[in-house]
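First comes the structure, then the notes that go with it.
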Amino acid sequence: MKKHVLRNAAFSAIALSGLFATAQQNKYVLDTKETGVKIQPTMYGIFFEDINLGADGGLYAEMVKNRSFEFDTPLMGWAQPNSDKLSLNKKSGYANVVEAKKSGNKNYASIEVNDDKGYSLINEGFRGMGIKEGDAYNVSIMAANQEGNISKINFQFLDEQGNVVAETSVSPAGKEWKKYTAQMKATKTVAKGKLRVTFTGKGIINIDMVSIFPQDTWKNRPGGLRKDLVQKLYDLNPGFLRFPGGCIVEGRTLEQRYQWKKTVGNVDDRETLINRWNVEFDHKKTPDYFQTFGLGFFEYFQLAEDIGAEPLPVLSCGIACQFNTGELVPLAELDPYVQDALDLIEFANGATTTKWGKLRADMGHPQPFNLKMIGVGNEQWGPDYIARYKVFEKAIRAKYPNIKIISGSGPFPSGEYFDYGWEQLKQLKADYVDEHYYNSPDWFRKNATRYDKYDRKGPKVFAGEYAVQTVDIASPDNRNSWETALSEAAFMTGLERNADVVYMTSYAPLFAHADGWQWTPDLIWFNNLQSYATPNYYVQKLYGNNAGTNLLSLTADGKAVTGQNGMYASAVLDKASNEIIVKLVNTSDKAQSYRLDVKGKKLAAEGKMTVLKNENLKAENDFTKETVAPKESKFKTGKSKIESEIPAYSFVILRVRIS
Ligand code: AHR
């Protein structure tokens with residue numbers, strides 16, 4: 001990542017200036033006759049990666065950090081406030097971590113309590129715990145009394161001052177490991193709370209999987225996902241959900257790659273793994289970032305289904321991240337990796353009589369997930385990638401000829417890696433080629449014509465990761481400004497105009513915890529209580545909810561609108577609602593008048609207009625205020641024309657019924 005180079009970094013402070021603005025009316029022609037190009041239902045989707053505390057500490061609603069003492073430092077996140085009193089006198093009470101009772105979940109804490117004075121452990125949560133007044137929380141713990149009699153385990157939420165704001169307890173009994181559950185209700189909203197666990201009695205007790213979830217999760221699933229965050233994903237109306245990344249797929253080493261089989265089955269048994277973003281950036285080290293895989297592949301498939309998106313899992317192709325070690329699995333030893341891909345398809349689609357289909361059913365989903373595509377590698381490059389891709393391709397096509405395979409063209413949108421990847425993948429008649437680009441606002445606006453020149457007979461494009469960067473790739477100073485979102489909106493008219501080549505697109509990354517991020521900009525920001533949508537989110541949402549079904553031709557003087565007078569435009573038909581949908585982006589600092597002549601059909605007298613705008617290109621949203629948010633209104637049409645004005649720095653969507 002660090003070696004990424006921002007191409008065309010010379011975007012200027014005067015970007016989007018009024019240079020092009022003109023007092024003249026812009027004249028556009030929209031032809032309602034179909035172009036023959038369909039907008040794929042997968043056109044606008046979601047890229048998910050566990051970066052920026054996206055999963056643990058984010059979407060996955062678990063509030064206890066290091067709940068099963070599996071981090072590299074096994075008591076990380078846990079404090080023993082009265083242990084100083086106890087110091088070396090282990091008789092008085094201490095926690096230590098002892099080895100393995102079962103394979104995936106190796107450690108548990110063993111607590112010796114002799115003084116019966118309220119020995120306690122405190123968990124700090126993920127940068128604190130967000131607690132909501134009136135909300136109920138499910139508490140659970142695995143416990144086994146080893147010696148003596150610890151008769152009670154008390155759980156308390158504490159506010160920032162240490163006051164108790166929720167409380168409950170369980171009564172452990174017997175020497176066998178058992179799960180104990182309880183509920184508690186919060187009396188106060190707290191932004192950065194903690195959990196205190198206190199033991200009553202004398203003896204030694206072993207504990208594991210200390211867990212707290214809000215009851216109010218998405219679809220009220222116990223142990224589920226944060227409702228506000230999933231709602232935001234749902235509202236995007238996404239065509240697909242790509243998971244689990246990103247570089248996280250590849251790992252810094254092969255050992256640390258994402259292995260889906262270790263993320264399914266019993267949540268308690270899933271093996272914790274360091275998150276690659278824990279150590280990636282010197283300026284943003286996150287030593288407490290691990291993957292518990294409570295959000296694993298089953299849950300990703302379920303999420304995709306919940307939000308109406310096609311699932312798109314991406315797997316390691318046997319190359320660790322080439323920005324890190326670039327470790328390679330020799331071709332002769334690639335079989336287990338390929339088998340992982342075949343088994344994943346069986347897990348998603350196989351009959352419940354098959355090994356992996358049965359596991360899916362046992363986990364609560366006997367119906368297939370109807371997987372249609374799979375990614376081989378993330379953003380690998382060079383001959384080593386192509387050699388491995390070929391092995392995967394052969395095996396997948398032989399067993400599952402209907403599954404589409406996503407291949408990759410590397411981390412950059414042009415240059416040696418990119419050209420080589422595309423050339424090879426074209427020859428191999430690849431289905432989809434994934435392109436990644438993080439670049440300046442200027443680059444994005446210029447690249448609104450990027451796909452005009454693509455081979456119509458070649459592989460389809462999956463623009464799998466893109467986002468405007470205000471400073472440089474992965475710079476901590478990048479902002480989710482209106483300028484970035486507006487430039488993305490302009491660029492996306494080019495994606496839409498080329499929907500015969502571009503089949504899938506997704507902004508990246510998706511989530512960022514305000515107190516625990518590594519990479520910016522990101523689509524959705526959250527803390528432990530709230531979340532907010534960036535201007536970039538609203539651009540994605542507007543495209544996702546106005547995708548239409550068929551491309552229409554919209555021109556100025558017979559040419560596509562790709563920056564003339566700072567204007568960008570595209571149009572589609574929505575067959576279901578019989579509406580035309582026009583997208584207009586004004587990147588200039590002046591309001592501009594336009595006349596849109598509509599050929600072939602008559603317009604309804606009234607249409608709906610959605611406007612996303614701000615006069616300040618630096619405008620951003622935050623937890624207190626969404627300064628850049630869409631506003632809807634009605635407007636009058638002529639029978640075969642629309643005449644209006646588009647505000648400075650704005651993205652406007654018009655929807656009108658036709659007959
Ligand atoms: O989106 C952040 C990272 O950028 C992804 O993990 C990687 O694929 C890309 O380089």
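Chain identifiers are assigned as A, B, and so on, following the order in which chains appear in the structure tokens; residues are numbered from 1 within each chain, and ligands are numbered from 1 in order of appearance.
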
**Study point:** Spatial neighbours of segment 552-560 of chain A, max dist 12 Å, only C-alpha atoms, sep filter under 5 positions, as a VMD selection string
**Key:** chain A and resid 25 to 39 448 to 449 452 493 to 494 496 to 500 547 565 567 to 575 579 to 584 594 to 600

Review point. Could you pull out the strand (DSSP E) residues of segment 433-495 of chain A from DSSP and send them as a PyMOL selection string?
Key: chain A and resi 433-439+460-468

**Study point:** Cut-off 9 Å, only C-alpha atoms and all ligand atoms, neighbours of ligand 1 as a PyMOL selection string
**Key:** chain A and resi 1+4+47-51+245-249+277+323+378-379+410-412+436-438+464-467+473-474+507-510+519-520+522

Restricting the output to C-alpha atoms, write the selected residues as a PDB file, in the first residue's frame.
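File part21.pdb, as written:
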ATOM      1  CA  MET A   1       0.000   0.000   0.000  1.00  0.00           C
ATOM      2  CA  HIS A   4       1.095   3.278  -4.210  1.00  0.00           C
ATOM      3  CA  PHE A  47     -16.937  -3.459  -1.505  1.00  0.00           C
ATOM      4  CA  PHE A  48     -16.557  -4.693   2.062  1.00  0.00           C
ATOM      5  CA  GLU A  49     -13.245  -5.118   3.846  1.00  0.00           C
ATOM      6  CA  ASP A  50     -12.368  -5.478   7.500  1.00  0.00           C
ATOM      7  CA  ILE A  51     -10.249  -2.326   7.508  1.00  0.00           C
ATOM      8  CA  GLY A 245     -11.661  -7.460   0.897  1.00  0.00           C
ATOM      9  CA  GLY A 246      -9.202  -6.110  -0.276  1.00  0.00           C
ATOM     10  CA  CYS A 247      -5.703  -6.944   0.797  1.00  0.00           C
ATOM     11  CA  ILE A 248      -7.133  -8.817   3.744  1.00  0.00           C
ATOM     12  CA  VAL A 249      -7.847 -11.648   1.319  1.00  0.00           C
ATOM     13  CA  TRP A 277      -4.161  -3.430   8.955  1.00  0.00           C
ATOM     14  CA  PHE A 323       3.188  -4.835  -1.433  1.00  0.00           C
ATOM     15  CA  ASN A 378      -7.434  -9.386  -5.021  1.00  0.00           C
ATOM     16  CA  GLU A 379      -5.064  -7.039  -6.826  1.00  0.00           C
ATOM     17  CA  GLY A 410      -3.384  -5.216 -10.322  1.00  0.00           C
ATOM     18  CA  PRO A 411      -3.451  -2.136  -8.091  1.00  0.00           C
ATOM     19  CA  PHE A 412      -3.106   0.611 -10.721  1.00  0.00           C
ATOM     20  CA  HIS A 436      -8.621  -0.490  -8.863  1.00  0.00           C
ATOM     21  CA  TYR A 437      -8.042   3.222  -8.879  1.00  0.00           C
ATOM     22  CA  TYR A 438      -7.479   5.712  -6.116  1.00  0.00           C
ATOM     23  CA  GLY A 464     -13.922  -3.057  -7.917  1.00  0.00           C
ATOM     24  CA  GLU A 465     -12.208  -0.345  -5.884  1.00  0.00           C
ATOM     25  CA  TYR A 466     -12.195   3.350  -6.552  1.00  0.00           C
ATOM     26  CA  ALA A 467     -12.293   6.597  -4.641  1.00  0.00           C
ATOM     27  CA  ILE A 473      -3.331   7.232  -1.753  1.00  0.00           C
ATOM     28  CA  ALA A 474      -3.771   6.183   1.859  1.00  0.00           C
ATOM     29  CA  TYR A 507     -16.387   2.506  -4.042  1.00  0.00           C
ATOM     30  CA  ALA A 508     -13.697   1.558  -1.503  1.00  0.00           C
ATOM     31  CA  PRO A 509     -13.208   1.310   1.400  1.00  0.00           C
ATOM     32  CA  LEU A 510     -16.686   1.099   2.859  1.00  0.00           C
ATOM     33  CA  TRP A 519      -7.328   4.437   5.670  1.00  0.00           C
ATOM     34  CA  THR A 520      -9.248   7.459   4.525  1.00  0.00           C
ATOM     35  CA  ASP A 522     -14.222   5.959   3.337  1.00  0.00           C
TER      36      ASP A 522
END

Point to revise | Phe369 of chain A surroundings by only C-alpha atoms, 10 Å radius, close-in-sequence under 3 positions cut, as a list in words | key: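 Residues near the query, excluding close chain neighbours: Phe298, Phe301, Gln302, Ala304, Glu305, Glu310, Pro311, Ile345, Phe347, Ala348, Asn349, Gly350, Arg360, His365, Pro366 and Lys372 of chain A.
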
Keeping only N, CA and C atoms, write the selected residues to a file as a short mmCIF file (atom, residue, chain, number, x, y, z; two decimals), in the first residue's frame.
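This went into selection-v6.cif:
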data_model
loop_
_atom_site.label_atom_id
_atom_site.label_comp_id
_atom_site.auth_asym_id
_atom_site.auth_seq_id
_atom_site.Cartn_x
_atom_site.Cartn_y
_atom_site.Cartn_z
N PHE A 298 -20.41 -17.36 6.30
CA PHE A 298 -21.85 -17.59 6.35
C PHE A 298 -22.57 -16.26 6.54
N PHE A 301 -22.62 -14.12 3.40
CA PHE A 301 -23.65 -14.57 2.44
C PHE A 301 -25.04 -14.12 2.91
N GLN A 302 -25.26 -14.27 4.20
CA GLN A 302 -26.56 -13.89 4.77
C GLN A 302 -26.80 -12.38 4.62
N ALA A 304 -25.51 -10.44 2.32
CA ALA A 304 -25.77 -10.16 0.90
C ALA A 304 -27.25 -10.45 0.60
N GLU A 305 -27.72 -11.55 1.10
CA GLU A 305 -29.13 -11.91 0.87
C GLU A 305 -30.07 -10.88 1.50
N GLU A 310 -26.04 -9.54 -4.88
CA GLU A 310 -25.40 -10.80 -5.27
C GLU A 310 -24.13 -10.96 -4.44
N PRO A 311 -23.91 -12.14 -3.87
CA PRO A 311 -22.66 -12.32 -3.12
C PRO A 311 -21.47 -12.45 -4.06
N ILE A 345 -17.93 -22.88 -3.36
CA ILE A 345 -19.11 -22.90 -4.24
C ILE A 345 -20.10 -23.96 -3.73
N PHE A 347 -20.33 -24.87 -0.60
CA PHE A 347 -20.90 -24.30 0.64
C PHE A 347 -22.07 -23.37 0.30
N ALA A 348 -21.90 -22.58 -0.75
CA ALA A 348 -22.93 -21.59 -1.10
C ALA A 348 -24.12 -22.23 -1.81
N ASN A 349 -23.84 -23.16 -2.70
CA ASN A 349 -24.90 -23.63 -3.60
C ASN A 349 -25.22 -25.12 -3.47
N GLY A 350 -24.34 -25.89 -2.83
CA GLY A 350 -24.47 -27.35 -2.87
C GLY A 350 -25.69 -27.87 -2.15
N ARG A 360 -23.72 -25.52 5.61
CA ARG A 360 -24.58 -24.33 5.42
C ARG A 360 -25.95 -24.55 6.05
N HIS A 365 -29.19 -22.31 7.02
CA HIS A 365 -29.61 -21.85 5.69
C HIS A 365 -29.62 -23.02 4.71
N PRO A 366 -30.64 -23.88 4.82
CA PRO A 366 -30.68 -25.03 3.90
C PRO A 366 -30.79 -24.62 2.43
N LYS A 372 -23.20 -16.76 -7.88
CA LYS A 372 -23.03 -16.75 -9.34
C LYS A 372 -21.61 -16.39 -9.77
#

**Study point:** Shell of 7 Å around Lys65 of chain A, only C-alpha atoms, local chain residues under 3 positions omitted, as a ChimeraX atom specification
**Key:** /A:77,123,125-126

Write the residues of the preceding selection, restricted to N, CA and C atoms, as a PDB file, in the first residue's frame.
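Produced file result_29.pdb, reproduced below:
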ATOM      1  N   GLY A  77      -6.795  -5.410  26.109  1.00  0.00           N
ATOM      2  CA  GLY A  77      -8.186  -4.957  26.201  1.00  0.00           C
ATOM      3  C   GLY A  77      -8.780  -5.175  27.580  1.00  0.00           C
ATOM      4  N   ASN A 123     -13.190  -4.659  30.717  1.00  0.00           N
ATOM      5  CA  ASN A 123     -12.940  -4.674  29.273  1.00  0.00           C
ATOM      6  C   ASN A 123     -13.222  -3.292  28.703  1.00  0.00           C
ATOM      7  N   GLY A 125     -13.608  -2.451  25.514  1.00  0.00           N
ATOM      8  CA  GLY A 125     -14.375  -2.370  24.266  1.00  0.00           C
ATOM      9  C   GLY A 125     -13.510  -1.882  23.117  1.00  0.00           C
ATOM     10  N   PHE A 126     -14.157  -1.582  22.026  1.00  0.00           N
ATOM     11  CA  PHE A 126     -13.435  -1.089  20.848  1.00  0.00           C
ATOM     12  C   PHE A 126     -13.418   0.431  20.907  1.00  0.00           C
TER      13      PHE A 126
END

Review point. Got a sec: who's within 6 Å of Leu59 of chain A, counting only C-alpha atoms, leaving out chain neighbours fewer than 3 positions off, as number ranges by chain?
Key: A: 54-55, 225-226

Revision key, fill the gap. If you count only C-alpha atoms, the residue of A:Lys202, A:Val314, A:Lys457, A:Ser481 closest to Lys117 of chain A turns out to be A:Lys202

**Study point:** Long-range neighbours of Thr187 of chain A as a PyMOL selection string, 10 Å cut-off, only C-alpha atoms, 4 positions minimum in chain
**Key:** chain A and resi 131-136+157+164-167

What are the closest atom pairs, with distances in Å to one decimal, for each residue of segment 133-246 of chain A lying within 12 Å of segment 533-537 of chain A, using only C-alpha atoms, rows by chain and rising residue number, as a Markdown table?
| residue | atom | partner | partner_atom | distance |
| --- | --- | --- | --- | --- |
| A:Asp228 | CA | A:Ala533 | CA | 11.0 |
| A:Leu229 | CA | A:Ala533 | CA | 10.0 |
| A:Gln231 | CA | A:Ala533 | CA | 11.4 |
| A:Lys232 | CA | A:Ala533 | CA | 8.0 |
| A:Leu233 | CA | A:Tyr537 | CA | 9.8 |
| A:Asp235 | CA | A:Tyr537 | CA | 10.2 |
| A:Leu236 | CA | A:Tyr537 | CA | 8.2 |
| A:Asn237 | CA | A:Tyr537 | CA | 11.8 |
| A:Pro238 | CA | A:Tyr537 | CA | 12.0 |

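Closest to Lys394 of chain A among A:Gly607, A:Phe290, A:Leu342, A:Lys601 is A:Leu342, based on only C-alpha atoms.
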
**Study point:** Test item: residues at most 9 Å from Gln291 of chain A, only C-alpha atoms, excluding those fewer than 5 positions along its chain, as a list of chain:residue names
**Key:**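 My reading of the contact set: A:Asp50, A:Ala55, A:Asp56, A:Glu271, A:Thr272, A:Leu273, A:Ile274, A:Asn275.
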
Output for the residues just chosen: N, CA and C atoms as a JSON list (two decimals), in the first residue's frame:
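For reference, again_10.json as written:
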[["chain", "number", "residue", "atom", "x", "y", "z"],
["A", 50, "ASP", "N", -12.59, -5.74, 6.08],
["A", 50, "ASP", "CA", -12.37, -5.48, 7.50],
["A", 50, "ASP", "C", -11.10, -4.63, 7.65],
["A", 55, "ALA", "N", -15.23, -4.66, 10.57],
["A", 55, "ALA", "CA", -15.98, -5.84, 11.05],
["A", 55, "ALA", "C", -15.93, -5.86, 12.58],
["A", 56, "ASP", "N", -14.84, -6.36, 13.15],
["A", 56, "ASP", "CA", -14.72, -6.33, 14.62],
["A", 56, "ASP", "C", -14.58, -4.89, 15.08],
["A", 271, "GLU", "N", -10.99, -19.43, 14.69],
["A", 271, "GLU", "CA", -9.65, -19.05, 15.14],
["A", 271, "GLU", "C", -9.34, -17.59, 14.86],
["A", 272, "THR", "N", -9.01, -16.86, 15.90],
["A", 272, "THR", "CA", -8.68, -15.43, 15.75],
["A", 272, "THR", "C", -7.37, -15.26, 14.97],
["A", 273, "LEU", "N", -7.33, -14.23, 14.16],
["A", 273, "LEU", "CA", -6.13, -13.95, 13.34],
["A", 273, "LEU", "C", -5.83, -12.46, 13.40],
["A", 274, "ILE", "N", -4.57, -12.13, 13.40],
["A", 274, "ILE", "CA", -4.21, -10.71, 13.37],
["A", 274, "ILE", "C", -4.80, -10.08, 12.11],
["A", 275, "ASN", "N", -5.25, -8.85, 12.22],
["A", 275, "ASN", "CA", -5.73, -8.13, 11.05],
["A", 275, "ASN", "C", -4.54, -7.47, 10.37]]

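Restricting the calculation to only C-alpha atoms, the smallest distance between Lys284 of chain A and any of A:Glu620, A:Gly516, A:Gln540, A:Pro81 is found for A:Gly516.
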
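Each of A:Arg655, A:Arg196, A:Lys152, A:Lys613 was checked against Tyr180 of chain A using only C-alpha atoms; the smallest atom-to-atom distance is that of A:Lys152.
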
Practice item. Could you jot down the atom CA of Ala629 of chain A to atom CA of Pro214 of chain A separation for me, Å, one decimal place? Key: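 We find that atom CA of Ala629 of chain A and atom CA of Pro214 of chain A lie 29.0 Å from each other.
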